[in-house]
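Data file: query.txt. Format and content: compact mmCIF, C-alpha atoms.
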# COMPACT_ATOMS: atom_id res chain seq x y z
CA SER B 157 18.35 -16.79 -38.27
CA VAL B 158 19.70 -18.06 -34.95
CA ARG B 159 23.38 -17.71 -34.26
CA GLU B 160 25.29 -19.31 -31.46
CA ARG B 161 28.07 -17.44 -29.72
CA GLU B 162 30.24 -18.43 -26.85
CA LEU B 163 30.86 -15.66 -24.33
CA GLU B 164 32.95 -15.48 -21.21
CA ILE B 165 30.87 -13.82 -18.50
CA GLY B 166 30.93 -13.36 -14.74
CA THR B 167 27.24 -13.05 -13.87
CA ILE B 168 23.86 -14.00 -15.30
CA VAL B 169 20.79 -12.03 -14.20
CA ILE B 170 17.47 -13.79 -14.62
CA ALA B 171 14.51 -11.47 -14.03
CA THR B 172 11.94 -13.76 -12.41
CA GLY B 173 9.39 -11.08 -11.54
CA TYR B 174 7.53 -10.56 -8.30
CA GLU B 175 4.19 -10.95 -6.59
CA VAL B 176 2.42 -8.72 -4.12
CA PHE B 177 2.52 -9.73 -0.48
CA ASP B 178 -0.47 -11.84 0.59
CA ALA B 179 -2.27 -9.52 3.03
CA ARG B 180 -3.97 -12.51 4.69
CA LEU B 181 -0.60 -13.21 6.34
CA LYS B 182 -1.27 -10.11 8.48
CA PRO B 183 -4.69 -11.12 9.92
CA GLU B 184 -4.65 -8.20 12.39
CA TYR B 185 -5.40 -5.90 9.43
CA GLY B 186 -8.70 -7.65 8.67
CA TYR B 187 -8.08 -8.45 5.01
CA GLY B 188 -10.60 -11.09 3.93
CA THR B 189 -12.58 -10.81 7.16
CA CYS B 190 -13.54 -7.11 7.41
CA PRO B 191 -15.54 -5.76 4.47
CA GLY B 192 -13.96 -2.51 3.37
CA VAL B 193 -10.36 -3.63 3.80
CA ILE B 194 -8.74 -3.93 0.37
CA THR B 195 -5.22 -4.06 -1.06
CA SER B 196 -3.53 -1.34 -3.08
CA LEU B 197 -3.80 -3.60 -6.14
CA GLU B 198 -7.57 -3.85 -5.64
CA LEU B 199 -7.86 -0.06 -5.33
CA GLU B 200 -5.94 0.24 -8.60
CA ARG B 201 -8.60 -1.95 -10.26
CA LEU B 202 -11.42 0.13 -8.74
CA ALA B 203 -9.87 3.34 -10.08
CA SER B 204 -9.41 1.87 -13.55
CA PRO B 205 -12.09 2.75 -16.15
CA SER B 206 -12.05 -0.90 -17.22
CA GLY B 207 -12.38 -2.09 -13.61
CA PRO B 208 -15.43 -3.57 -11.86
CA THR B 209 -16.92 -0.16 -10.96
CA GLY B 210 -16.07 1.63 -14.21
CA GLY B 211 -13.45 3.72 -12.42
CA ARG B 212 -15.61 4.80 -9.48
CA ILE B 213 -13.88 4.43 -6.12
CA GLU B 214 -16.51 2.88 -3.91
CA ILE B 215 -16.95 0.23 -1.26
CA ASN B 216 -20.18 -1.75 -0.85
CA GLY B 217 -21.75 0.41 -3.58
CA LYS B 218 -21.00 3.73 -1.83
CA ALA B 219 -18.26 6.34 -2.15
CA PRO B 220 -16.14 6.26 1.02
CA GLU B 221 -16.02 9.41 3.13
CA LYS B 222 -12.99 8.29 5.16
CA VAL B 223 -10.11 6.36 3.59
CA VAL B 224 -7.06 5.13 5.49
CA PHE B 225 -3.95 3.78 3.78
CA ILE B 226 -1.60 1.53 5.76
CA GLN B 227 1.97 1.54 4.50
CA CYS B 228 4.56 -1.27 4.54
CA VAL B 229 2.16 -4.24 4.68
CA GLY B 230 4.56 -7.14 4.17
CA SER B 231 7.63 -4.91 3.80
CA ARG B 232 10.08 -3.89 6.51
CA ASP B 233 8.42 -6.52 8.70
CA LYS B 234 10.46 -9.09 10.63
CA SER B 235 7.29 -10.96 11.67
CA VAL B 236 6.74 -12.14 8.08
CA GLY B 237 10.43 -12.42 7.18
CA ASN B 238 10.55 -9.45 4.80
CA GLU B 239 12.91 -6.90 6.33
CA TYR B 240 13.52 -5.04 3.06
CA CYS B 241 11.74 -1.99 1.63
CA SER B 242 9.83 -2.76 -1.58
CA GLN B 243 10.61 0.78 -2.86
CA THR B 244 7.32 1.22 -4.71
CA CYS B 245 4.60 1.27 -2.04
CA CYS B 246 5.10 4.84 -0.79
CA SER B 247 4.90 6.31 -4.29
CA ASN B 248 1.95 4.08 -5.20
CA THR B 249 0.10 5.19 -2.08
CA ALA B 250 0.70 8.87 -2.87
CA LYS B 251 -0.63 8.28 -6.40
CA GLN B 252 -3.68 6.42 -5.11
CA ALA B 253 -4.40 9.02 -2.41
CA HIS B 254 -4.29 11.57 -5.24
CA TYR B 255 -6.86 9.46 -7.19
CA VAL B 256 -9.15 9.42 -4.17
CA LYS B 257 -8.89 13.19 -3.57
CA GLN B 258 -9.47 13.94 -7.26
CA GLN B 259 -12.57 11.78 -7.41
CA LEU B 260 -13.81 12.41 -3.86
CA PRO B 261 -12.49 15.85 -2.86
CA ARG B 262 -14.44 15.89 0.43
CA ALA B 263 -13.13 12.50 1.55
CA ARG B 264 -10.84 12.46 4.56
CA VAL B 265 -7.70 10.58 3.49
CA THR B 266 -5.11 9.48 6.04
CA VAL B 267 -1.85 7.63 5.37
CA CYS B 268 -0.39 5.72 8.32
CA TYR B 269 3.33 5.34 7.65
CA MET B 270 6.63 4.36 9.28
CA ASP B 271 8.81 6.50 7.00
CA ALA B 272 7.71 8.13 3.75
CA ARG B 273 10.35 7.04 1.27
CA SER B 274 10.49 8.51 -2.19
CA PHE B 275 12.52 6.90 -4.94
CA GLY B 276 12.85 8.65 -8.26
CA LYS B 277 12.90 12.07 -9.81
CA GLY B 278 10.05 14.36 -8.76
CA HIS B 279 8.60 11.96 -6.16
CA GLU B 280 9.30 14.26 -3.21
CA GLN B 281 7.49 17.12 -4.96
CA PHE B 282 4.56 14.80 -5.66
CA TYR B 283 4.29 13.98 -1.92
CA GLU B 284 4.13 17.69 -1.18
CA LYS B 285 1.41 18.14 -3.81
CA VAL B 286 -0.68 15.30 -2.35
CA GLN B 287 -0.37 16.78 1.14
CA LYS B 288 -1.51 20.17 -0.18
CA GLU B 289 -4.57 18.40 -1.63
CA GLY B 290 -5.49 17.50 1.95
CA VAL B 291 -4.02 14.02 2.42
CA LEU B 292 -2.93 13.66 6.05
CA TYR B 293 0.27 11.68 6.62
CA ARG B 294 0.31 10.32 10.15
CA ARG B 295 3.33 8.52 11.53
CA GLY B 296 2.49 5.27 13.22
CA ASN B 297 2.80 1.53 13.37
CA VAL B 298 -0.64 0.07 12.86
CA SER B 299 -1.47 -2.71 15.31
CA GLU B 300 -4.95 -3.65 14.12
CA VAL B 301 -8.00 -2.91 12.01
CA TYR B 302 -11.37 -3.87 13.46
CA ARG B 303 -15.06 -3.26 12.87
CA HIS B 304 -16.94 -0.84 15.09
CA GLY B 305 -20.57 -0.97 13.99
CA GLU B 306 -20.67 -0.02 10.31
CA LYS B 307 -17.23 1.59 10.41
CA LEU B 308 -13.68 0.33 10.45
CA MET B 309 -11.24 1.45 13.13
CA VAL B 310 -7.49 1.63 12.56
CA ARG B 311 -5.45 1.49 15.76
CA ALA B 312 -1.84 2.64 15.62
CA GLU B 313 1.03 3.81 17.77
CA ASP B 314 2.47 7.21 16.93
CA THR B 315 6.18 6.40 17.08
CA THR B 316 7.12 10.08 17.39
CA MET B 317 4.82 10.92 20.29
CA GLY B 318 4.84 7.46 21.90
CA GLU B 319 1.04 7.31 22.16
CA PHE B 320 -1.77 5.33 20.56
CA TYR B 321 -4.39 6.79 18.24
CA GLU B 322 -7.40 5.49 16.33
CA VAL B 323 -8.73 6.57 12.95
CA GLU B 324 -12.24 5.79 11.70
CA ALA B 325 -12.61 4.61 8.10
CA ASP B 326 -15.09 3.42 5.51
CA MET B 327 -12.27 1.96 3.40
CA VAL B 328 -8.83 0.75 4.48
CA VAL B 329 -6.23 0.25 1.76
CA LEU B 330 -3.30 -2.03 2.58
CA ALA B 331 -0.20 -0.90 0.67
CA VAL B 332 1.15 -4.39 0.09
CA GLY B 333 4.85 -4.86 -0.55
CA LEU B 334 6.53 -6.95 -3.20
CA VAL B 335 7.90 -10.45 -2.69
CA PRO B 336 9.94 -12.72 -4.98
CA ARG B 337 8.02 -15.28 -7.01
CA PRO B 338 8.01 -18.68 -5.24
CA GLU B 339 9.93 -20.44 -8.04
CA THR B 340 12.86 -18.00 -7.80
CA ARG B 341 14.68 -20.04 -5.14
CA GLU B 342 14.34 -23.27 -7.15
CA LEU B 343 15.56 -21.54 -10.30
CA ALA B 344 18.58 -20.12 -8.44
As structure tokens, how would this structure be written, given the file I've shared?
Amino acid sequence: SVRERELEIGTIVIATGYEVFDARLKPEYGYGTCPGVITSLELERLASPSGPTGGRIEINGKAPEKVVFIQCVGSRDKSVGNEYCSQTCCSNTAKQAHYVKQQLPRARVTVCYMDARSFGKGHEQFYEKVQKEGVLYRRGNVSEVYRHGEKLMVRAEDTTMGEFYEVEADMVVLAVGLVPRPETRELA
């Protein structure tokens, strides 16, 4: 049975949910124009046994030999109006890099990051484990992803050394941040 009660309260929290950042808003990363550039959500589907490849991580029908993850796509980015950290992307990337190394142990996996942030118990230890598995974390702000023949090239600036570097890839995974659902403002 339904009962009505009158309460005196100070705040109401309405959990409206979130969406992932639309990677097409960062055209310099080649999402939608460069085959082989996918989002972290799409990699999650590839790695899932019920996904389109039956859990095999592949691009264009082949297992990638070189995988590059780009952190903070749509987070901590004034150019798209999202200056906040989404707080999930770094951990998700570590988990997905682990998937790739488990399934493709000879693959070269590089994570281009601004800062590796770990939220939650045991996350720092998990980062260390992933690095011991051979995942290379490379500091840098990525400026572009472009095709070079059959390969993808990721160009970034190493913010520690103050110099540019390029990494070759078969697959580039954009670690997209989280954004509020569009109806949140109207509901507020």
| Option closest in space to B:Ala203, from B:Ala253, B:Glu284, B:Arg264, B:Glu319 [counting only C-alpha atoms] | B:Ala253
Could you give me the axis-aligned bounding box of stretch 163-166 of chain B, with 4 Å of padding per side, as centre plus edge lengths in Å to one decimal, as AutoDock Vina command-line options?
--center_x 31.9 --center_y -14.5 --center_z -19.5 --size_x 10.1 --size_y 10.3 --size_z 17.6
| task | Could you please determine the separation between atom CA of B:Glu160 and atom CA of B:Leu343 in Å, to one decimal place? | result |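 So the two atoms, atom CA of B:Glu160 and atom CA of B:Leu343, lie 23.4 Å apart.
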| task | Compute the distance from (6.3, 7.3, 17.6) to each atom, counting all atoms listed in the file, keep the residues with any atom at most 12 Å away, and return them as a list in words; use the coordinates of the file. | result |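 Counting all atoms listed in the file, I find these residues within 12 Å of (6.3, 7.3, 17.6): Cys268, Tyr269, Met270, Asp271, Arg294, Arg295, Gly296, Asn297, Val298, Ala312, Glu313, Asp314, Thr315, Thr316, Met317, Gly318, Glu319, Phe320 and Tyr321 of chain B.
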Atoms to include: C-alpha atoms. Write the selected residues as an mmCIF file, in the coordinates of the input.
data_model
loop_
_atom_site.group_PDB
_atom_site.id
_atom_site.type_symbol
_atom_site.label_atom_id
_atom_site.label_comp_id
_atom_site.auth_asym_id
_atom_site.auth_seq_id
_atom_site.Cartn_x
_atom_site.Cartn_y
_atom_site.Cartn_z
ATOM 1 C CA CYS B 268 -0.390 5.720 8.320
ATOM 2 C CA TYR B 269 3.330 5.340 7.650
ATOM 3 C CA MET B 270 6.630 4.360 9.280
ATOM 4 C CA ASP B 271 8.810 6.500 7.000
ATOM 5 C CA ARG B 294 0.310 10.320 10.150
ATOM 6 C CA ARG B 295 3.330 8.520 11.530
ATOM 7 C CA GLY B 296 2.490 5.270 13.220
ATOM 8 C CA ASN B 297 2.800 1.530 13.370
ATOM 9 C CA VAL B 298 -0.640 0.070 12.860
ATOM 10 C CA ALA B 312 -1.840 2.640 15.620
ATOM 11 C CA GLU B 313 1.030 3.810 17.770
ATOM 12 C CA ASP B 314 2.470 7.210 16.930
ATOM 13 C CA THR B 315 6.180 6.400 17.080
ATOM 14 C CA THR B 316 7.120 10.080 17.390
ATOM 15 C CA MET B 317 4.820 10.920 20.290
ATOM 16 C CA GLY B 318 4.840 7.460 21.900
ATOM 17 C CA GLU B 319 1.040 7.310 22.160
ATOM 18 C CA PHE B 320 -1.770 5.330 20.560
ATOM 19 C CA TYR B 321 -4.390 6.790 18.240
#
Each residue of stretch 195-221 of chain B lying at most 12 Å from stretch 169-177 of chain B should get a row with its shortest atom-to-atom pair and the distance in Å to one decimal, counting all atoms listed in the file; could you produce that, ordered by chain and increasing number, as a tab-separated table?
residue	atom	partner	partner_atom	distance
B:Thr195	CA	B:Val176	CA	9.5
B:Ser196	CA	B:Val176	CA	9.5
B:Leu197	CA	B:Val176	CA	8.3
B:Glu198	CA	B:Val176	CA	11.2
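With atom CA of B:Val236 on one side and atom CA of B:Val335 on the other, the separation reads 11.0 Å.
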| field | d(atom CA of B:Val267, atom CA of B:Arg180) in Å | value |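 Separation between atom CA of B:Val267 and atom CA of B:Arg180: 20.3 Å.
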| query | B:Val329, B:Ile213, B:Ile165, B:Leu181: which is nearest B:Gln259, counting only C-alpha atoms? | reply |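 Looking at the shortest contact to B:Gln259, the residue is B:Ile213.
Counting only C-alpha atoms and comparing B:Leu334, B:Ala272, B:Leu260, B:Val323, the residue that lies closest to B:Glu239 is B:Leu334.
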| task | With a distance cut-off of 6 Å and only C-alpha atoms, select the neighbouring residues of B:Ser231, excluding the residue or stretch itself and same-chain residues fewer than 5 positions from it, and output the selection as a PyMOL selection string. | result | chain B and resi 238+240-241+333
Once you have the residues from the selection above, write them out as a PDB file, in the coordinates of the input, restricted to C-alpha atoms.
ATOM      1  CA  ASN B 238      10.550  -9.450   4.800  1.00  0.00           C
ATOM      2  CA  TYR B 240      13.520  -5.040   3.060  1.00  0.00           C
ATOM      3  CA  CYS B 241      11.740  -1.990   1.630  1.00  0.00           C
ATOM      4  CA  GLY B 333       4.850  -4.860  -0.550  1.00  0.00           C
TER       5      GLY B 333
END
My structure is short of atoms at stretch 161-172 of chain B; please model all heavy atoms there, returning them as a compact mmCIF listing (two decimals), in the frame of the given file.
# COMPACT_ATOMS: atom_id res chain seq x y z
N ARG B 161 26.79 -18.07 -30.06
CA ARG B 161 28.07 -17.44 -29.72
C ARG B 161 28.48 -17.92 -28.34
O ARG B 161 27.64 -18.13 -27.47
CB ARG B 161 27.95 -15.93 -29.68
CG ARG B 161 27.83 -15.33 -31.07
CD ARG B 161 28.09 -13.85 -31.04
NE ARG B 161 26.93 -13.13 -30.51
CZ ARG B 161 26.96 -11.87 -30.10
NH1 ARG B 161 28.06 -11.19 -30.16
NH2 ARG B 161 25.87 -11.30 -29.65
N GLU B 162 29.73 -18.06 -28.15
CA GLU B 162 30.24 -18.43 -26.85
C GLU B 162 30.86 -17.20 -26.22
O GLU B 162 31.70 -16.53 -26.83
CB GLU B 162 31.31 -19.52 -27.01
CG GLU B 162 31.50 -20.34 -25.76
CD GLU B 162 32.37 -21.55 -26.01
OE1 GLU B 162 31.95 -22.43 -26.79
OE2 GLU B 162 33.46 -21.58 -25.42
N LEU B 163 30.39 -16.86 -25.02
CA LEU B 163 30.86 -15.66 -24.33
C LEU B 163 31.43 -16.04 -22.97
O LEU B 163 30.93 -16.95 -22.31
CB LEU B 163 29.71 -14.67 -24.12
CG LEU B 163 28.97 -14.18 -25.36
CD1 LEU B 163 27.73 -13.41 -24.94
CD2 LEU B 163 29.89 -13.31 -26.20
N GLU B 164 32.42 -15.29 -22.55
CA GLU B 164 32.95 -15.48 -21.21
C GLU B 164 32.35 -14.39 -20.35
O GLU B 164 32.53 -13.20 -20.60
CB GLU B 164 34.48 -15.34 -21.25
CG GLU B 164 35.14 -16.17 -20.17
CD GLU B 164 36.66 -16.15 -20.32
OE1 GLU B 164 37.16 -16.65 -21.33
OE2 GLU B 164 37.29 -15.60 -19.40
N ILE B 165 31.57 -14.80 -19.33
CA ILE B 165 30.87 -13.82 -18.50
C ILE B 165 31.08 -14.14 -17.03
O ILE B 165 31.49 -15.25 -16.68
CB ILE B 165 29.36 -13.79 -18.82
CG1 ILE B 165 28.76 -15.18 -18.63
CG2 ILE B 165 29.09 -13.29 -20.22
CD1 ILE B 165 27.27 -15.21 -18.71
N GLY B 166 30.77 -13.17 -16.18
CA GLY B 166 30.93 -13.36 -14.74
C GLY B 166 29.62 -13.55 -14.01
O GLY B 166 29.56 -14.19 -12.98
N THR B 167 28.53 -13.01 -14.56
CA THR B 167 27.24 -13.05 -13.87
C THR B 167 26.11 -13.16 -14.88
O THR B 167 26.17 -12.57 -15.95
CB THR B 167 27.02 -11.75 -13.05
OG1 THR B 167 28.11 -11.60 -12.14
CG2 THR B 167 25.72 -11.79 -12.27
N ILE B 168 25.09 -13.92 -14.50
CA ILE B 168 23.86 -14.00 -15.30
C ILE B 168 22.72 -13.49 -14.42
O ILE B 168 22.55 -13.94 -13.28
CB ILE B 168 23.56 -15.43 -15.76
CG1 ILE B 168 24.66 -15.95 -16.68
CG2 ILE B 168 22.20 -15.51 -16.45
CD1 ILE B 168 24.51 -17.41 -17.05
N VAL B 169 21.95 -12.55 -14.92
CA VAL B 169 20.79 -12.03 -14.20
C VAL B 169 19.54 -12.58 -14.87
O VAL B 169 19.34 -12.38 -16.07
CB VAL B 169 20.76 -10.48 -14.20
CG1 VAL B 169 19.49 -9.97 -13.54
CG2 VAL B 169 22.00 -9.93 -13.51
N ILE B 170 18.73 -13.27 -14.09
CA ILE B 170 17.47 -13.79 -14.62
C ILE B 170 16.35 -13.05 -13.89
O ILE B 170 16.19 -13.18 -12.68
CB ILE B 170 17.35 -15.32 -14.39
CG1 ILE B 170 18.51 -16.03 -15.09
CG2 ILE B 170 16.01 -15.83 -14.90
CD1 ILE B 170 18.57 -17.51 -14.80
N ALA B 171 15.59 -12.25 -14.61
CA ALA B 171 14.51 -11.47 -14.03
C ALA B 171 13.28 -12.37 -13.88
O ALA B 171 12.59 -12.65 -14.85
CB ALA B 171 14.21 -10.26 -14.90
N THR B 172 13.02 -12.81 -12.67
CA THR B 172 11.94 -13.76 -12.41
C THR B 172 10.62 -13.10 -12.06
O THR B 172 9.61 -13.77 -11.93
CB THR B 172 12.33 -14.71 -11.26
OG1 THR B 172 12.60 -13.93 -10.10
CG2 THR B 172 13.54 -15.54 -11.63
